[in-house]
Amino acid sequence: MLITQKMELMKLSSNEELIYQFILNHPEQLERLTIKQIASQIYVSPALFIVFAKKLGYSGWNEFKQDFIEERKYLDSHFQQVNPNKPFSSQDNIMNIAYKIATLQNETIQDTLQLIHHDNLQKATQLLKKSSHIYLFGSNMSYIASQEFFYSMKRLGAHIEYNIDPIEQVFQAQIMPPQSVAIVISYTGETAHVLKICQDLHRQKVPIITITGYGENTVMQYSDVALYMSTRENVHTKISTFSTRQSIHTILDILYSCYFAFHYQENYEKVVEINNSVEYRRFSSNTKINQ
């Protein structure tokens, strides 16, 4: 979860609210001003800045400031054309809406690609390659992308399981076969049933690949390797999960493709054979109906 989003959810005193408003309205000044300089501008105690940072899970102000500055650089360098939370307005005609949604999808893919680091992707694909079973866990938001990944991997002969029901997911996490690997998908990294799953997997020493939002969150504490999804949507003020869904699709498509490439020719022949078989059955069925 982004620091900006965490701050929105914090319960603040009146003086802490002054610090929050300064951060929100003057982010460019954080890098060059000391605590004392900011405190003198907004008339609060310098010690309160440490309290504020600790509420966000940091050891002190400097640690918070460094992460916040990095986050701002990420946010300022992506999505130049379309706001992911409100990609269109009431004044847009249908073709403007179509253009903006398509632009948002393209920007999301580029953003996702820039967040994927070679070493993390390599580690994730190696974990998939070495595993005996692959288990997918996540929320309803990731359902469609997870289902597509599930069916694609099945066609390659992978032993993969996915259940949309959160209770069943928690149950599955407690009975993982040896040499399993888990893919855990969570935008915020704070969803209750996902955290329970991660705790159970961690206790069993099951490797965890997380697909999660950019920034620190609880799920990351249990992760063996993290792949970051595009993280520009606000949990409370977005029109829909346009960007998040596209980002999850992109990451899972990349994982599938990397897994496919380990045995490229063999997998290609499998897929072609299955496609031809399905088309033949469909053609034969239609012929009989027409007769």
# chains A, B, ... in the order shown; residues from 1 in each chain; ligands from 1
call {"tool": "closest_atom_pairs", "arguments": {"of": "stretch 194-280 of chain A", "to": "stretch 53-70 of chain A", "cutoff": "12 Å", "atoms": "only C-alpha atoms", "output": "Markdown table"}}
result
| residue | atom | partner | partner_atom | distance |
| --- | --- | --- | --- | --- |
| A:Tyr214 | CA | A:Glu70 | CA | 10.9 |
| A:Gly215 | CA | A:Asp67 | CA | 8.4 |
| A:Glu216 | CA | A:Gly57 | CA | 9.3 |
| A:Asn217 | CA | A:Gly57 | CA | 9.7 |
| A:Thr218 | CA | A:Gly57 | CA | 10.6 |
call {"tool": "write_last_selection", "arguments": {"atoms": "N, CA, C and O atoms", "output": "mmCIF file, in the first residue's frame"}}
result
data_model
loop_
_atom_site.group_PDB
_atom_site.id
_atom_site.type_symbol
_atom_site.label_atom_id
_atom_site.label_comp_id
_atom_site.auth_asym_id
_atom_site.auth_seq_id
_atom_site.Cartn_x
_atom_site.Cartn_y
_atom_site.Cartn_z
ATOM 1 N N TYR A 214 2.915 -1.468 -4.900
ATOM 2 C CA TYR A 214 4.232 -0.878 -4.635
ATOM 3 C C TYR A 214 4.253 -0.275 -3.232
ATOM 4 O O TYR A 214 3.312 0.387 -2.819
ATOM 5 N N GLY A 215 5.316 -0.537 -2.493
ATOM 6 C CA GLY A 215 5.433 -0.013 -1.139
ATOM 7 C C GLY A 215 5.375 -1.129 -0.111
ATOM 8 O O GLY A 215 5.194 -2.300 -0.435
ATOM 9 N N GLU A 216 5.538 -0.760 1.146
ATOM 10 C CA GLU A 216 5.546 -1.736 2.230
ATOM 11 C C GLU A 216 4.124 -2.133 2.609
ATOM 12 O O GLU A 216 3.222 -1.309 2.632
ATOM 13 N N ASN A 217 3.948 -3.426 2.919
ATOM 14 C CA ASN A 217 2.682 -3.904 3.478
ATOM 15 C C ASN A 217 2.957 -5.199 4.235
ATOM 16 O O ASN A 217 4.060 -5.750 4.183
ATOM 17 N N THR A 218 1.952 -5.715 4.934
ATOM 18 C CA THR A 218 2.162 -6.872 5.807
ATOM 19 C C THR A 218 2.457 -8.145 5.021
ATOM 20 O O THR A 218 3.284 -8.966 5.438
#
call {"tool": "residues_around", "arguments": {"residues": "stretch 186-191 of chain A", "least_positions_apart": "3", "cutoff": "7 Å", "atoms": "only C-alpha atoms", "output": "list in words"}}
result
Met1, Gly138, Ser139, Val194, Leu195, Ile211, Thr212, Gly213, Asn217, Thr218 and Val219 of chain A
call {"tool": "residues_around", "arguments": {"residues": "A:Pro87", "least_positions_apart": "3", "cutoff": "7 Å", "atoms": "only C-alpha atoms", "output": "list in words"}}
result
Val82, Asn83, Pro84, Lys100 and Ile101 of chain A
call {"tool": "decode", "arguments": {"residues": "stretch 207-219 of chain A", "atoms": "N, CA, C and O atoms", "output": "PDB file, in the first residue's frame"}}
result
ATOM      1  N   PRO A 207       7.338 -21.565  -0.212  1.00  0.00           N
ATOM      2  CA  PRO A 207       7.760 -20.325  -0.863  1.00  0.00           C
ATOM      3  C   PRO A 207       6.564 -19.525  -1.362  1.00  0.00           C
ATOM      4  O   PRO A 207       5.598 -20.092  -1.887  1.00  0.00           O
ATOM      5  N   ILE A 208       6.625 -18.211  -1.186  1.00  0.00           N
ATOM      6  CA  ILE A 208       5.513 -17.339  -1.561  1.00  0.00           C
ATOM      7  C   ILE A 208       5.977 -16.308  -2.586  1.00  0.00           C
ATOM      8  O   ILE A 208       6.916 -15.553  -2.331  1.00  0.00           O
ATOM      9  N   ILE A 209       5.301 -16.292  -3.727  1.00  0.00           N
ATOM     10  CA  ILE A 209       5.471 -15.233  -4.725  1.00  0.00           C
ATOM     11  C   ILE A 209       4.306 -14.279  -4.533  1.00  0.00           C
ATOM     12  O   ILE A 209       3.148 -14.671  -4.675  1.00  0.00           O
ATOM     13  N   THR A 210       4.582 -13.038  -4.177  1.00  0.00           N
ATOM     14  CA  THR A 210       3.487 -12.084  -3.997  1.00  0.00           C
ATOM     15  C   THR A 210       3.392 -11.151  -5.196  1.00  0.00           C
ATOM     16  O   THR A 210       4.399 -10.706  -5.743  1.00  0.00           O
ATOM     17  N   ILE A 211       2.162 -10.895  -5.594  1.00  0.00           N
ATOM     18  CA  ILE A 211       1.847  -9.866  -6.585  1.00  0.00           C
ATOM     19  C   ILE A 211       1.066  -8.817  -5.818  1.00  0.00           C
ATOM     20  O   ILE A 211      -0.081  -9.034  -5.428  1.00  0.00           O
ATOM     21  N   THR A 212       1.698  -7.688  -5.555  1.00  0.00           N
ATOM     22  CA  THR A 212       1.115  -6.724  -4.625  1.00  0.00           C
ATOM     23  C   THR A 212       1.448  -5.295  -5.033  1.00  0.00           C
ATOM     24  O   THR A 212       2.195  -5.070  -5.984  1.00  0.00           O
ATOM     25  N   GLY A 213       0.851  -4.350  -4.320  1.00  0.00           N
ATOM     26  CA  GLY A 213       1.068  -2.946  -4.616  1.00  0.00           C
ATOM     27  C   GLY A 213       2.462  -2.488  -4.227  1.00  0.00           C
ATOM     28  O   GLY A 213       3.090  -3.047  -3.327  1.00  0.00           O
ATOM     29  N   TYR A 214       2.915  -1.468  -4.900  1.00  0.00           N
ATOM     30  CA  TYR A 214       4.232  -0.878  -4.635  1.00  0.00           C
ATOM     31  C   TYR A 214       4.253  -0.275  -3.232  1.00  0.00           C
ATOM     32  O   TYR A 214       3.312   0.387  -2.819  1.00  0.00           O
ATOM     33  N   GLY A 215       5.316  -0.537  -2.493  1.00  0.00           N
ATOM     34  CA  GLY A 215       5.433  -0.013  -1.139  1.00  0.00           C
ATOM     35  C   GLY A 215       5.375  -1.129  -0.111  1.00  0.00           C
ATOM     36  O   GLY A 215       5.194  -2.300  -0.435  1.00  0.00           O
ATOM     37  N   GLU A 216       5.538  -0.760   1.146  1.00  0.00           N
ATOM     38  CA  GLU A 216       5.546  -1.736   2.230  1.00  0.00           C
ATOM     39  C   GLU A 216       4.124  -2.133   2.609  1.00  0.00           C
ATOM     40  O   GLU A 216       3.222  -1.309   2.632  1.00  0.00           O
ATOM     41  N   ASN A 217       3.948  -3.426   2.919  1.00  0.00           N
ATOM     42  CA  ASN A 217       2.682  -3.904   3.478  1.00  0.00           C
ATOM     43  C   ASN A 217       2.957  -5.199   4.235  1.00  0.00           C
ATOM     44  O   ASN A 217       4.060  -5.750   4.183  1.00  0.00           O
ATOM     45  N   THR A 218       1.952  -5.715   4.934  1.00  0.00           N
ATOM     46  CA  THR A 218       2.162  -6.872   5.807  1.00  0.00           C
ATOM     47  C   THR A 218       2.457  -8.145   5.021  1.00  0.00           C
ATOM     48  O   THR A 218       3.284  -8.966   5.438  1.00  0.00           O
ATOM     49  N   VAL A 219       1.790  -8.335   3.888  1.00  0.00           N
ATOM     50  CA  VAL A 219       2.016  -9.525   3.077  1.00  0.00           C
ATOM     51  C   VAL A 219       3.487  -9.651   2.674  1.00  0.00           C
ATOM     52  O   VAL A 219       4.046 -10.753   2.611  1.00  0.00           O
TER      53      VAL A 219
END
